[in-house]
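*Asks:* Data: model.cif, mmCIF, C-alpha atoms.
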```
data_run
loop_
_atom_site.label_atom_id
_atom_site.label_comp_id
_atom_site.auth_asym_id
_atom_site.auth_seq_id
_atom_site.Cartn_x
_atom_site.Cartn_y
_atom_site.Cartn_z
CA MET C 19 46.27 10.25 7.29
CA LEU C 20 44.50 7.22 8.74
CA GLY C 21 46.97 4.47 9.53
CA SER C 22 50.31 3.80 11.17
CA SER C 23 51.77 7.16 10.13
CA ALA C 24 49.32 9.13 12.28
CA ARG C 25 50.85 11.34 14.95
CA ILE C 26 49.84 13.29 18.06
CA THR C 27 49.54 16.85 16.80
CA ALA C 28 48.55 18.82 19.91
CA VAL C 29 48.00 18.69 23.67
CA ASP C 30 45.26 21.21 24.44
CA THR C 31 44.75 22.14 28.09
CA TYR C 32 41.88 23.70 30.04
CA ASP C 33 41.51 25.06 33.59
CA VAL C 34 37.98 23.84 34.39
CA ARG C 35 36.43 24.86 37.74
CA PHE C 36 33.02 24.40 39.31
CA PRO C 37 31.73 26.62 42.17
CA THR C 38 30.89 23.77 44.55
CA SER C 39 32.00 25.74 47.63
CA ARG C 40 28.82 27.78 47.39
CA SER C 41 26.71 24.77 48.37
CA LEU C 42 29.42 23.21 50.61
CA ASP C 43 29.47 20.11 48.41
CA GLY C 44 32.74 18.33 49.16
CA SER C 45 33.36 20.09 52.48
CA ASP C 46 35.42 18.29 55.10
CA ALA C 47 37.62 19.00 58.11
CA MET C 48 40.68 19.92 56.02
CA ASN C 49 38.93 21.35 52.96
CA PRO C 50 35.98 23.46 54.16
CA ASP C 51 35.29 25.28 50.88
CA PRO C 52 36.39 23.24 47.85
CA ASP C 53 35.67 24.32 44.29
CA TYR C 54 35.90 21.03 42.43
CA SER C 55 38.17 21.50 39.43
CA ALA C 56 39.86 19.60 36.63
CA ALA C 57 43.19 20.33 34.98
CA TYR C 58 41.98 18.90 31.69
CA LEU C 59 43.71 17.95 28.45
CA VAL C 60 42.86 16.68 24.99
CA LEU C 61 45.30 14.75 22.79
CA ARG C 62 44.65 15.70 19.15
CA THR C 63 45.82 13.52 16.26
CA ASP C 64 45.95 13.62 12.47
CA ALA C 65 44.65 10.05 12.23
CA GLY C 66 41.47 11.13 10.46
CA ASP C 67 39.25 8.88 12.58
CA GLY C 68 37.95 11.67 14.85
CA LEU C 69 39.25 9.96 17.99
CA GLU C 70 40.95 11.99 20.72
CA GLY C 71 42.47 11.15 24.08
CA HIS C 72 40.93 12.93 27.07
CA GLY C 73 42.45 13.08 30.53
CA PHE C 74 42.56 15.22 33.65
CA THR C 75 43.65 15.46 37.22
CA PHE C 76 41.53 16.73 40.07
CA THR C 77 42.10 19.79 42.28
CA ILE C 78 39.81 21.85 44.52
CA GLY C 79 40.10 25.34 43.03
CA ARG C 80 42.99 27.75 43.51
CA GLY C 81 46.13 26.26 42.04
CA ASN C 82 44.34 24.48 39.23
CA ASP C 83 46.21 26.83 36.88
CA VAL C 84 49.49 25.55 38.33
CA GLN C 85 48.39 21.98 37.60
CA VAL C 86 47.49 22.95 34.03
CA ALA C 87 50.93 24.52 33.59
CA ALA C 88 52.53 21.27 34.74
CA ILE C 89 50.62 19.36 32.07
CA GLN C 90 51.71 21.90 29.47
CA ALA C 91 55.33 21.32 30.50
CA LEU C 92 55.01 17.72 29.27
CA ARG C 93 53.83 18.58 25.75
CA HIS C 94 57.21 18.08 24.11
CA HIS C 95 57.22 14.42 25.16
CA VAL C 96 53.88 13.79 23.46
CA VAL C 97 53.49 15.89 20.31
CA GLY C 98 54.83 14.10 17.26
CA ARG C 99 54.66 10.60 18.70
CA SER C 100 53.16 7.80 16.63
CA VAL C 101 49.54 7.18 17.61
CA SER C 102 49.72 3.46 16.94
CA ASP C 103 52.99 3.02 18.83
CA LEU C 104 51.72 5.04 21.77
CA CYS C 105 48.48 3.08 22.04
CA ALA C 106 50.31 -0.23 21.69
CA ASP C 107 52.63 0.66 24.56
CA PRO C 108 51.41 3.46 26.88
CA GLY C 109 54.17 2.42 29.26
CA SER C 110 56.77 3.86 26.87
CA LEU C 111 55.38 7.35 27.41
CA SER C 112 54.96 6.77 31.14
CA ARG C 113 58.64 5.88 31.43
CA ASP C 114 59.69 8.93 29.39
CA LEU C 115 57.56 11.33 31.41
CA ILE C 116 58.66 10.00 34.79
CA GLY C 117 62.25 9.74 33.61
CA ASP C 118 62.61 13.32 32.36
CA SER C 119 65.87 14.17 34.14
CA GLN C 120 65.03 17.85 34.66
CA LEU C 121 61.32 17.67 35.45
CA ARG C 122 62.01 14.72 37.74
CA TRP C 123 63.80 17.11 40.08
CA LEU C 124 60.39 18.65 40.85
CA GLY C 125 59.23 15.35 42.33
CA PRO C 126 60.40 12.77 41.95
CA GLU C 127 57.14 10.89 41.39
CA LYS C 128 55.07 13.03 43.70
CA GLY C 129 53.02 16.21 43.78
CA VAL C 130 51.91 18.48 40.95
CA MET C 131 54.34 17.13 38.38
CA HIS C 132 53.45 13.50 38.99
CA MET C 133 49.73 14.27 38.83
CA ALA C 134 50.39 15.95 35.47
CA VAL C 135 52.09 12.76 34.30
CA GLY C 136 49.02 10.82 35.39
CA ALA C 137 46.68 13.11 33.46
CA VAL C 138 48.67 12.68 30.23
CA VAL C 139 49.09 8.92 30.66
CA ASN C 140 45.37 8.51 31.36
CA ALA C 141 44.57 10.44 28.18
CA VAL C 142 46.70 7.96 26.22
CA TRP C 143 44.79 5.03 27.73
CA ASP C 144 41.53 6.76 26.83
CA LEU C 145 42.71 7.03 23.23
CA ALA C 146 43.98 3.45 23.16
CA ALA C 147 40.69 2.03 24.47
CA LYS C 148 38.71 4.13 21.99
CA ARG C 149 40.83 2.87 19.09
CA ALA C 150 40.20 -0.69 20.32
CA GLY C 151 36.45 0.01 20.48
CA LEU C 152 36.29 -1.03 24.15
CA PRO C 153 35.63 0.57 27.53
CA LEU C 154 38.91 0.72 29.40
CA TRP C 155 37.93 -1.89 32.00
CA ARG C 156 37.35 -4.43 29.24
CA PHE C 157 40.41 -3.32 27.26
CA LEU C 158 42.55 -4.08 30.31
CA ALA C 159 40.68 -7.22 31.39
CA GLU C 160 41.05 -8.83 27.97
CA ALA C 161 44.74 -7.94 27.59
CA GLU C 162 47.40 -10.64 27.79
CA PRO C 163 48.98 -10.90 31.25
CA GLN C 164 52.48 -10.57 29.80
CA TRP C 165 51.55 -7.26 28.18
CA LEU C 166 49.99 -5.93 31.37
CA VAL C 167 53.14 -6.79 33.29
CA SER C 168 55.18 -4.92 30.66
CA GLN C 169 53.18 -1.78 31.48
CA VAL C 170 54.27 -1.77 35.14
CA ASP C 171 57.39 -0.05 36.46
CA PHE C 172 58.79 -2.48 39.05
CA ARG C 173 61.61 -0.16 40.08
CA TYR C 174 61.54 0.22 43.89
CA LEU C 175 58.95 -2.59 44.14
CA SER C 176 60.90 -5.80 43.60
CA ASP C 177 61.47 -6.37 47.33
CA ALA C 178 57.69 -6.73 47.64
CA LEU C 179 56.50 -7.73 44.16
CA THR C 180 58.47 -9.13 41.23
CA PRO C 181 57.40 -9.27 37.57
CA ALA C 182 57.20 -13.07 37.86
CA GLU C 183 54.82 -12.80 40.83
CA ALA C 184 52.71 -10.23 39.00
CA LEU C 185 52.48 -12.49 35.97
CA GLU C 186 51.44 -15.41 38.16
CA LEU C 187 48.69 -13.33 39.82
CA LEU C 188 47.27 -12.25 36.46
CA THR C 189 47.62 -15.70 34.88
CA ASP C 190 45.93 -17.47 37.80
CA ALA C 191 43.02 -15.02 37.62
CA ARG C 192 42.23 -15.88 33.99
CA ALA C 193 40.04 -18.77 35.11
CA GLY C 194 36.46 -17.58 35.49
CA ARG C 195 36.91 -14.28 33.64
CA ALA C 196 33.95 -14.87 31.34
CA ALA C 197 31.59 -15.62 34.23
CA ARG C 198 32.78 -12.55 36.14
CA THR C 199 32.36 -10.35 33.08
CA ALA C 200 28.79 -11.60 32.67
CA ALA C 201 28.10 -10.96 36.36
CA LEU C 202 29.53 -7.46 36.13
CA LEU C 203 27.44 -6.61 33.08
CA GLU C 204 24.32 -7.92 34.80
CA ARG C 205 24.79 -6.57 38.33
CA GLY C 206 27.48 -3.89 38.22
CA TYR C 207 30.15 -3.16 40.84
CA PRO C 208 29.27 -2.34 44.48
CA ALA C 209 29.29 1.33 45.48
CA TYR C 210 29.07 3.33 48.66
CA THR C 211 28.09 6.97 48.94
CA THR C 212 29.58 10.01 50.66
CA SER C 213 26.81 12.31 49.41
CA PRO C 214 25.05 12.49 52.83
CA GLY C 215 28.20 13.09 54.82
CA TRP C 216 29.79 16.41 53.87
CA LEU C 217 30.85 18.33 56.95
CA GLY C 218 29.00 21.51 56.05
CA TYR C 219 25.60 19.81 55.80
CA SER C 220 22.97 20.23 58.52
CA ASP C 221 21.85 17.23 60.54
CA GLU C 222 18.49 17.38 58.78
CA LYS C 223 20.14 17.21 55.36
CA LEU C 224 22.44 14.41 56.51
CA THR C 225 19.48 12.37 57.78
CA ARG C 226 17.40 12.94 54.66
CA LEU C 227 20.24 12.01 52.30
CA ALA C 228 21.19 8.96 54.36
CA LYS C 229 17.66 7.60 54.14
CA GLU C 230 17.58 8.34 50.42
CA ALA C 231 20.86 6.42 50.02
CA LEU C 232 19.32 3.35 51.61
CA ALA C 233 16.30 3.61 49.33
CA GLU C 234 18.69 3.75 46.36
CA GLY C 235 20.30 0.45 47.36
CA PHE C 236 23.52 1.60 49.05
CA THR C 237 24.72 -0.60 51.89
CA GLN C 238 27.43 1.77 53.13
CA ILE C 239 27.58 5.52 53.66
CA LYS C 240 30.45 7.74 54.79
CA LEU C 241 30.62 10.79 57.04
CA LYS C 242 33.32 13.42 57.22
CA VAL C 243 34.68 13.90 60.73
CA GLY C 244 37.56 15.58 62.53
CA ALA C 245 36.68 19.24 63.07
CA ASP C 246 34.84 19.00 66.42
CA LEU C 247 34.32 15.84 68.47
CA ALA C 248 30.98 16.87 69.95
CA ASP C 249 29.68 17.62 66.46
CA ASP C 250 30.97 14.27 65.21
CA VAL C 251 29.24 12.39 68.03
CA ARG C 252 25.97 14.14 67.25
CA ARG C 253 26.27 13.59 63.48
CA CYS C 254 27.27 9.93 63.82
CA ARG C 255 24.34 9.37 66.16
CA ALA C 256 21.99 10.96 63.61
CA ALA C 257 23.45 8.90 60.78
CA ARG C 258 23.26 5.62 62.69
CA ALA C 259 19.66 6.34 63.66
CA ALA C 260 18.82 7.01 60.00
CA ILE C 261 20.47 3.89 58.55
CA GLY C 262 19.96 1.38 61.34
CA PRO C 263 22.45 -1.12 62.80
CA ASP C 264 23.08 -3.27 59.72
CA VAL C 265 24.31 -0.69 57.19
CA ARG C 266 28.03 0.07 57.23
CA LEU C 267 29.02 3.56 58.39
CA ALA C 268 32.52 4.72 57.41
CA ILE C 269 34.15 7.89 58.75
CA ASP C 270 36.78 10.06 57.08
CA ALA C 271 39.11 12.53 58.84
CA ASN C 272 40.89 13.76 55.69
CA GLN C 273 44.35 13.71 57.39
CA ARG C 274 43.22 16.01 60.20
CA TRP C 275 44.81 14.29 63.20
CA ASP C 276 48.12 13.45 64.79
CA VAL C 277 48.57 9.77 65.67
CA ALA C 278 47.50 9.86 69.31
CA GLU C 279 44.58 12.14 68.50
CA ALA C 280 43.45 9.80 65.72
CA ILE C 281 43.36 6.85 68.11
CA ALA C 282 41.52 8.76 70.84
CA TRP C 283 39.00 10.38 68.46
CA THR C 284 38.21 7.15 66.60
CA ASN C 285 37.72 5.28 69.86
CA ALA C 286 35.40 8.05 71.05
CA LEU C 287 33.22 7.31 68.00
CA ALA C 288 33.44 3.53 68.37
CA GLU C 289 29.94 3.32 69.91
CA PHE C 290 28.51 4.06 66.45
CA ASP C 291 30.28 0.99 64.99
CA PRO C 292 32.31 2.70 62.25
CA TYR C 293 33.46 0.23 59.60
CA TRP C 294 36.62 2.16 58.77
CA ILE C 295 38.43 5.35 59.67
CA GLU C 296 39.77 6.94 56.50
CA GLU C 297 42.88 9.10 56.25
CA PRO C 298 43.31 9.40 60.02
CA THR C 299 46.70 11.14 59.71
CA SER C 300 49.30 12.26 57.16
CA PRO C 301 49.28 10.03 54.07
CA ASP C 302 53.09 9.91 54.25
CA ASP C 303 53.18 8.52 57.80
CA VAL C 304 53.44 4.78 57.28
CA LEU C 305 54.36 3.92 60.86
CA GLY C 306 51.71 6.32 62.17
CA HIS C 307 49.06 4.42 60.23
CA ALA C 308 50.36 1.15 61.68
CA ALA C 309 50.10 2.55 65.21
CA ILE C 310 46.59 3.83 64.57
CA ARG C 311 45.53 0.47 63.16
CA ALA C 312 46.71 -1.25 66.31
CA GLY C 313 45.05 1.38 68.49
CA VAL C 314 41.57 1.45 66.94
CA ALA C 315 40.89 -2.21 66.08
CA PRO C 316 38.39 -3.62 65.27
CA VAL C 317 37.71 -0.40 63.32
CA LYS C 318 39.55 -0.77 60.04
CA VAL C 319 42.08 1.78 58.74
CA ALA C 320 41.71 2.96 55.14
CA THR C 321 43.93 5.33 53.18
CA GLY C 322 45.25 6.10 49.73
CA GLU C 323 43.44 9.15 48.34
CA HIS C 324 46.56 11.29 48.87
CA VAL C 325 49.23 8.60 48.78
CA GLN C 326 51.66 9.96 46.26
CA ASN C 327 53.08 6.86 44.55
CA ARG C 328 53.36 3.08 44.42
CA ILE C 329 56.35 3.10 46.78
CA VAL C 330 54.39 4.52 49.71
CA PHE C 331 51.57 2.06 49.00
CA LYS C 332 54.17 -0.72 49.06
CA GLN C 333 55.40 0.42 52.47
CA LEU C 334 51.87 0.71 53.90
CA LEU C 335 51.26 -2.88 52.85
CA GLN C 336 54.63 -4.17 54.05
CA ALA C 337 54.10 -2.53 57.45
CA GLY C 338 50.61 -3.95 57.87
CA ALA C 339 49.45 -0.36 58.29
CA ILE C 340 46.11 -0.47 56.45
CA ASP C 341 43.10 -2.75 56.17
CA ILE C 342 41.66 -1.01 53.08
CA LEU C 343 43.66 0.38 50.15
CA GLN C 344 42.07 3.43 48.54
CA LEU C 345 43.74 4.11 45.22
CA ASP C 346 42.82 7.22 43.24
CA SER C 347 42.62 7.40 39.45
CA ALA C 348 44.25 10.84 39.21
CA ARG C 349 46.69 11.17 42.15
CA VAL C 350 49.51 8.89 40.96
CA GLY C 351 51.07 8.46 37.51
CA GLY C 352 48.00 7.18 35.70
CA VAL C 353 46.79 3.71 34.73
CA ASN C 354 50.29 2.21 34.59
CA GLU C 355 51.07 3.05 38.20
CA ASN C 356 47.60 2.05 39.33
CA LEU C 357 48.18 -1.36 37.74
CA ALA C 358 51.23 -1.68 40.00
CA ILE C 359 49.18 -0.66 43.05
CA LEU C 360 46.41 -3.14 42.25
CA LEU C 361 49.00 -5.90 41.86
CA LEU C 362 50.55 -4.98 45.22
CA ALA C 363 47.13 -5.10 46.89
CA ALA C 364 46.47 -8.51 45.34
CA LYS C 365 49.84 -9.82 46.53
CA PHE C 366 49.14 -8.67 50.11
CA ARG C 367 45.44 -9.67 49.95
CA VAL C 368 44.21 -6.23 50.98
CA PRO C 369 40.82 -5.11 49.60
CA VAL C 370 40.79 -2.11 47.26
CA CYS C 371 38.02 0.45 47.85
CA PRO C 372 38.92 3.42 45.63
CA HIS C 373 38.45 7.09 46.33
CA ALA C 374 36.13 8.86 43.92
CA GLY C 375 33.81 11.88 43.83
CA GLY C 376 35.51 15.06 42.68
CA VAL C 377 35.26 15.96 39.01
CA GLY C 378 35.14 12.77 36.96
CA LEU C 379 36.86 10.57 39.51
CA CYS C 380 33.86 8.24 39.68
CA GLU C 381 33.89 8.01 35.90
CA LEU C 382 37.54 6.97 35.83
CA VAL C 383 38.10 4.76 38.85
CA GLN C 384 35.16 2.44 38.17
CA HIS C 385 37.18 1.06 35.25
CA LEU C 386 40.11 0.16 37.52
CA SER C 387 37.95 -1.70 40.05
CA MET C 388 36.09 -3.56 37.32
CA PHE C 389 39.38 -4.66 35.77
CA ASP C 390 40.59 -5.74 39.22
CA TYR C 391 37.47 -7.86 39.75
CA ILE C 392 37.59 -9.59 36.38
CA ALA C 393 41.31 -10.04 35.81
CA LEU C 394 43.09 -9.88 39.16
CA SER C 395 41.31 -10.17 42.53
CA GLY C 396 38.33 -12.12 41.20
CA THR C 397 36.03 -10.87 43.97
CA THR C 398 33.91 -7.94 45.10
CA GLU C 399 33.73 -9.13 48.72
CA ASP C 400 34.31 -6.19 51.10
CA ARG C 401 35.08 -4.02 48.07
CA VAL C 402 33.18 -0.86 47.15
CA VAL C 403 33.86 2.19 45.01
CA GLU C 404 33.03 5.60 46.45
CA TYR C 405 30.21 7.50 44.77
CA VAL C 406 29.30 11.17 45.06
CA GLU C 407 26.27 12.51 43.26
CA ASN C 408 27.49 15.64 41.52
CA LEU C 409 28.98 16.90 38.24
CA HIS C 410 28.39 13.68 36.30
CA ASP C 411 26.23 15.44 33.72
CA HIS C 412 29.32 17.23 32.38
CA PHE C 413 30.67 13.96 30.91
CA LEU C 414 29.72 12.27 27.65
CA ALA C 415 29.58 8.86 29.35
CA PRO C 416 28.55 9.68 32.91
CA THR C 417 28.57 7.22 35.78
CA VAL C 418 25.31 5.30 36.13
CA ILE C 419 24.33 3.90 39.54
CA ARG C 420 21.64 1.23 39.77
CA ASP C 421 20.58 -0.35 43.07
CA GLY C 422 23.76 0.78 44.83
CA HIS C 423 26.06 -0.51 42.06
CA TYR C 424 28.14 1.10 39.34
CA THR C 425 26.76 -0.02 35.98
CA ALA C 426 29.58 -1.27 33.77
CA PRO C 427 30.38 1.39 31.11
CA LEU C 428 29.93 0.27 27.52
CA THR C 429 31.20 3.38 25.70
CA PRO C 430 34.76 2.93 24.35
CA GLY C 431 37.42 4.81 26.30
CA PHE C 432 38.13 5.82 29.89
CA SER C 433 34.86 7.79 30.40
CA ALA C 434 37.04 10.91 30.71
CA GLN C 435 35.57 13.10 27.97
CA MET C 436 33.67 16.20 29.04
CA HIS C 437 31.03 17.96 26.96
CA GLN C 438 32.55 20.84 25.04
CA ALA C 439 29.75 23.06 26.34
CA SER C 440 30.84 22.34 29.92
CA ILE C 441 34.44 23.20 29.08
CA ASP C 442 33.35 26.41 27.36
CA THR C 443 31.19 27.38 30.32
CA TYR C 444 33.44 26.55 33.26
CA THR C 445 36.95 27.22 31.96
CA TYR C 446 38.52 29.74 34.33
CA PRO C 447 38.55 32.73 34.02
CA ASP C 448 37.20 33.21 30.49
CA GLY C 449 34.40 30.63 30.31
CA THR C 450 30.92 32.09 30.12
CA PHE C 451 30.06 31.29 33.75
CA TRP C 452 33.27 32.72 35.20
CA ALA C 453 33.41 35.76 32.92
CA GLU C 454 29.96 36.79 34.12
CA ASP C 455 30.72 35.87 37.72
CA LEU C 456 34.00 37.76 37.85
CA ALA C 457 32.36 40.82 36.29
CA THR C 458 30.19 41.05 39.41
CA ASN C 459 32.95 39.86 41.76
CA PRO C 460 36.07 41.78 40.68
CA THR C 461 38.16 40.55 43.62
CA GLY C 462 38.38 37.24 41.80
CA ASP C 463 37.37 35.21 44.84
CA ILE C 464 35.71 32.22 43.20
CA ALA C 465 34.27 31.02 46.51
#
```
Any chance you could give the structure as structure tokens?
*Replies:*
Amino acid sequence: MLGSSARITAVDTYDVRFPTSRSLDGSDAMNPDPDYSAAYLVLRTDAGDGLEGHGFTFTIGRGNDVQVAAIQALRHHVVGRSVSDLCADPGSLSRDLIGDSQLRWLGPEKGVMHMAVGAVVNAVWDLAAKRAGLPLWRFLAEAEPQWLVSQVDFRYLSDALTPAEALELLTDARAGRAARTAALLERGYPAYTTSPGWLGYSDEKLTRLAKEALAEGFTQIKLKVGADLADDVRRCRAARAAIGPDVRLAIDANQRWDVAEAIAWTNALAEFDPYWIEEPTSPDDVLGHAAIRAGVAPVKVATGEHVQNRIVFKQLLQAGAIDILQLDSARVGGVNENLAILLLAAKFRVPVCPHAGGVGLCELVQHLSMFDYIALSGTTEDRVVEYVENLHDHFLAPTVIRDGHYTAPLTPGFSAQMHQASIDTYTYPDGTFWAEDLATNPTGDIA
């Protein structure tokens, strides 16, 4: 059935979980025992070309089944749609999913339901890029500005960014695209690493991994903070001693603090010259972030990992509340909404340094930053993508880091596809790993 008559025939879902809590990988002040997980889906078609759309959203263990159920609730919007129409206009599906009058009541545009929308929308972009024979970053970067603008929902944004302004930003950035593409393919995109900085790691492990990060070409590392000030002082001192005075050291509180506490705690760590304080308070507290920014300068304020939609990002930018915008590939409503967020950041001239790590988040978000560099911001100055060294081997096109840079993916798609063997092994609770594990741990406690 190859051709324009091809349809989406199924949305298959999987509850994929990895037992990362057992090694404390990913541990921080708010999430001491995460089991990195993916609510994963595959769009099947009858196109006859063997291409599928793969997408997911990230959770940290319990509740991943709830996220999968939310994705399943969107099936009726997807099955039966024309493959060619969908890939020509992913925004049409995005609008339908977000606009579902009954499911919208569960948000709107926030939380589990909105993350499910993002997973489905990202799977469509994966399929569209595969059908075009291009990695997603290049698929987006080579698209016409008018078409990119048509993919953005400007509702609730027009007081800060209009379609005409977005078109001007994208059109102005067309100059120099070829040279930037060549530079990206040669050098890659700058990365920083959180791998040394998990809160559950010993000082010895932190020091060893920090030194290894420098040897691997990273020029910025990040430490988790916020559980105990004396511990944070000791760990920051160890990290600064390991990396020296010239390497950037970022710190991340994962929303642990109230506003006054965030200011006092960050200032108590100022002697170690932190480059930014990340998620110092609730991601919904726009004015709190603004107060913290004023209270901790010159330390920069970064947030975005848990910001629920483009509207909150708009307000953070309007209020001058952040120095660094940290979008996430799987928190908001997928590529379409992240295009809006990147355009907002460009309008307000705020650097984008995405959140990554997790399961597959590095694989996905690299594409968004590379598109931003080539087709929008035109620069990598003060811009880095987070990198965490785990779980990449479960993906068909895993992230590749060379000399502290993300190597530009060449495989068509969004780099979202997992190996079937990994899905079969780590699907909860019936995958081979979990079936064996639960047989010896009948309480069902995956940690």
*Asks:* Do you know which residues are at most 8 Å from Asp171 (chain C) counting all atoms listed in the file, after dropping those on the same chain fewer than 4 positions away, and could you put them as a PDB file with C-alpha atoms, in the frame of the given file?
*Replies:*
```
ATOM      1  CA  ARG C 113      58.640   5.880  31.430  1.00  0.00           C
ATOM      2  CA  ASN C 354      50.290   2.210  34.590  1.00  0.00           C
ATOM      3  CA  GLU C 355      51.070   3.050  38.200  1.00  0.00           C
ATOM      4  CA  ALA C 358      51.230  -1.680  40.000  1.00  0.00           C
TER       5      ALA C 358
END
```
*Asks:* Which residues are near region 237-242 of chain C? Cut-off 8 Å, all atoms listed in the file, ignore same chain within fewer than 3 positions. Put them as a PDB file with C-alpha atoms, keeping the file's coordinate frame.
*Replies:*
```
ATOM      1  CA  ASP C  46      35.420  18.290  55.100  1.00  0.00           C
ATOM      2  CA  ALA C  47      37.620  19.000  58.110  1.00  0.00           C
ATOM      3  CA  ALA C 209      29.290   1.330  45.480  1.00  0.00           C
ATOM      4  CA  TYR C 210      29.070   3.330  48.660  1.00  0.00           C
ATOM      5  CA  THR C 211      28.090   6.970  48.940  1.00  0.00           C
ATOM      6  CA  THR C 212      29.580  10.010  50.660  1.00  0.00           C
ATOM      7  CA  SER C 213      26.810  12.310  49.410  1.00  0.00           C
ATOM      8  CA  PRO C 214      25.050  12.490  52.830  1.00  0.00           C
ATOM      9  CA  GLY C 215      28.200  13.090  54.820  1.00  0.00           C
ATOM     10  CA  TRP C 216      29.790  16.410  53.870  1.00  0.00           C
ATOM     11  CA  LEU C 217      30.850  18.330  56.950  1.00  0.00           C
ATOM     12  CA  ALA C 228      21.190   8.960  54.360  1.00  0.00           C
ATOM     13  CA  ALA C 231      20.860   6.420  50.020  1.00  0.00           C
ATOM     14  CA  LEU C 232      19.320   3.350  51.610  1.00  0.00           C
ATOM     15  CA  CYS C 254      27.270   9.930  63.820  1.00  0.00           C
ATOM     16  CA  VAL C 265      24.310  -0.690  57.190  1.00  0.00           C
ATOM     17  CA  ARG C 266      28.030   0.070  57.230  1.00  0.00           C
ATOM     18  CA  LEU C 267      29.020   3.560  58.390  1.00  0.00           C
ATOM     19  CA  ALA C 268      32.520   4.720  57.410  1.00  0.00           C
ATOM     20  CA  ILE C 269      34.150   7.890  58.750  1.00  0.00           C
ATOM     21  CA  ASP C 270      36.780  10.060  57.080  1.00  0.00           C
ATOM     22  CA  ALA C 271      39.110  12.530  58.840  1.00  0.00           C
ATOM     23  CA  ASN C 272      40.890  13.760  55.690  1.00  0.00           C
ATOM     24  CA  GLY C 422      23.760   0.780  44.830  1.00  0.00           C
TER      25      GLY C 422
END
```
*Asks:* Compare C:Leu152, C:Leu362, C:Val368, C:Ala415 by their minimum atom-to-atom distance to Glu381 (chain C), counting all atoms listed in the file, and give me the closest one.
*Replies:*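 Residue with the minimum atom-to-atom distance to Glu381 (chain C): C:Ala415.
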*Asks:* Using all atoms listed in the file, which residue out of C:Ala457, C:Ala193, C:Ala182, C:Ala150 lies closest to Lys365 (chain C)?
*Replies:* C:Ala182
*Asks:* For the atom pair CA of Leu104 (chain C) and CA of Thr429 (chain C), what is the interatomic distance in Å to one decimal place?
*Replies:*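 According to the coordinates, CA of Leu104 (chain C) and CA of Thr429 (chain C) are separated by 21.0 Å.
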*Asks:* To one decimal place, how far is CA of Ile359 (chain C) from CA of Asn327 (chain C) in Å?
*Replies:*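 Interatomic distance here is 8.6 Å.
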*Asks:* Identify, on the basis of all atoms listed in the file, every residue whose closest approach to region 401-411 of chain C does not exceed 8 Å; exclude the query and any residue fewer than 4 positions from it along the same chain; express the result as a PDB file with C-alpha atoms, in the frame of the given file.
*Replies:*
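And here's part_19.pdb as it stands now:
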```
ATOM      1  CA  TYR C 207      30.150  -3.160  40.840  1.00  0.00           C
ATOM      2  CA  PRO C 208      29.270  -2.340  44.480  1.00  0.00           C
ATOM      3  CA  ALA C 209      29.290   1.330  45.480  1.00  0.00           C
ATOM      4  CA  TYR C 210      29.070   3.330  48.660  1.00  0.00           C
ATOM      5  CA  THR C 211      28.090   6.970  48.940  1.00  0.00           C
ATOM      6  CA  THR C 212      29.580  10.010  50.660  1.00  0.00           C
ATOM      7  CA  SER C 213      26.810  12.310  49.410  1.00  0.00           C
ATOM      8  CA  PRO C 369      40.820  -5.110  49.600  1.00  0.00           C
ATOM      9  CA  VAL C 370      40.790  -2.110  47.260  1.00  0.00           C
ATOM     10  CA  CYS C 371      38.020   0.450  47.850  1.00  0.00           C
ATOM     11  CA  PRO C 372      38.920   3.420  45.630  1.00  0.00           C
ATOM     12  CA  HIS C 373      38.450   7.090  46.330  1.00  0.00           C
ATOM     13  CA  ALA C 374      36.130   8.860  43.920  1.00  0.00           C
ATOM     14  CA  GLY C 375      33.810  11.880  43.830  1.00  0.00           C
ATOM     15  CA  GLY C 376      35.510  15.060  42.680  1.00  0.00           C
ATOM     16  CA  VAL C 377      35.260  15.960  39.010  1.00  0.00           C
ATOM     17  CA  GLY C 378      35.140  12.770  36.960  1.00  0.00           C
ATOM     18  CA  CYS C 380      33.860   8.240  39.680  1.00  0.00           C
ATOM     19  CA  GLU C 381      33.890   8.010  35.900  1.00  0.00           C
ATOM     20  CA  VAL C 383      38.100   4.760  38.850  1.00  0.00           C
ATOM     21  CA  GLN C 384      35.160   2.440  38.170  1.00  0.00           C
ATOM     22  CA  SER C 387      37.950  -1.700  40.050  1.00  0.00           C
ATOM     23  CA  PRO C 416      28.550   9.680  32.910  1.00  0.00           C
ATOM     24  CA  THR C 417      28.570   7.220  35.780  1.00  0.00           C
TER      25      THR C 417
END
```
*Asks:* Name the closest residue to Trp275 (chain C) among the candidates C:Val139, C:Ala245, C:Leu202, C:Ile340; distances are taken between atoms, counting all atoms listed in the file.
*Replies:*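 Of C:Val139, C:Ala245, C:Leu202, C:Ile340, the one nearest Trp275 (chain C) is C:Ala245, counting all atoms listed in the file.
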*Asks:* If you apply the PyMOL selection byres ((chain C and resi 397) around 12) to this file, what residues do you get, as number ranges by chain?
*Replies:* C: 191, 194-195, 197-199, 201-202, 207-208, 364, 367-370, 387-396, 398-402
*Asks:* Excluding region 438-454 of chain C and any residue of its chain fewer than 4 positions from it, enumerate the residues within 6 Å of it, using all atoms listed in the file, and give them as a CSV table (one decimal) with C-alpha atoms, in the frame of the given file.
*Replies:*
```csv
chain,number,residue,atom,x,y,z
C,33,ASP,CA,41.5,25.1,33.6
C,34,VAL,CA,38.0,23.8,34.4
C,35,ARG,CA,36.4,24.9,37.7
C,412,HIS,CA,29.3,17.2,32.4
```
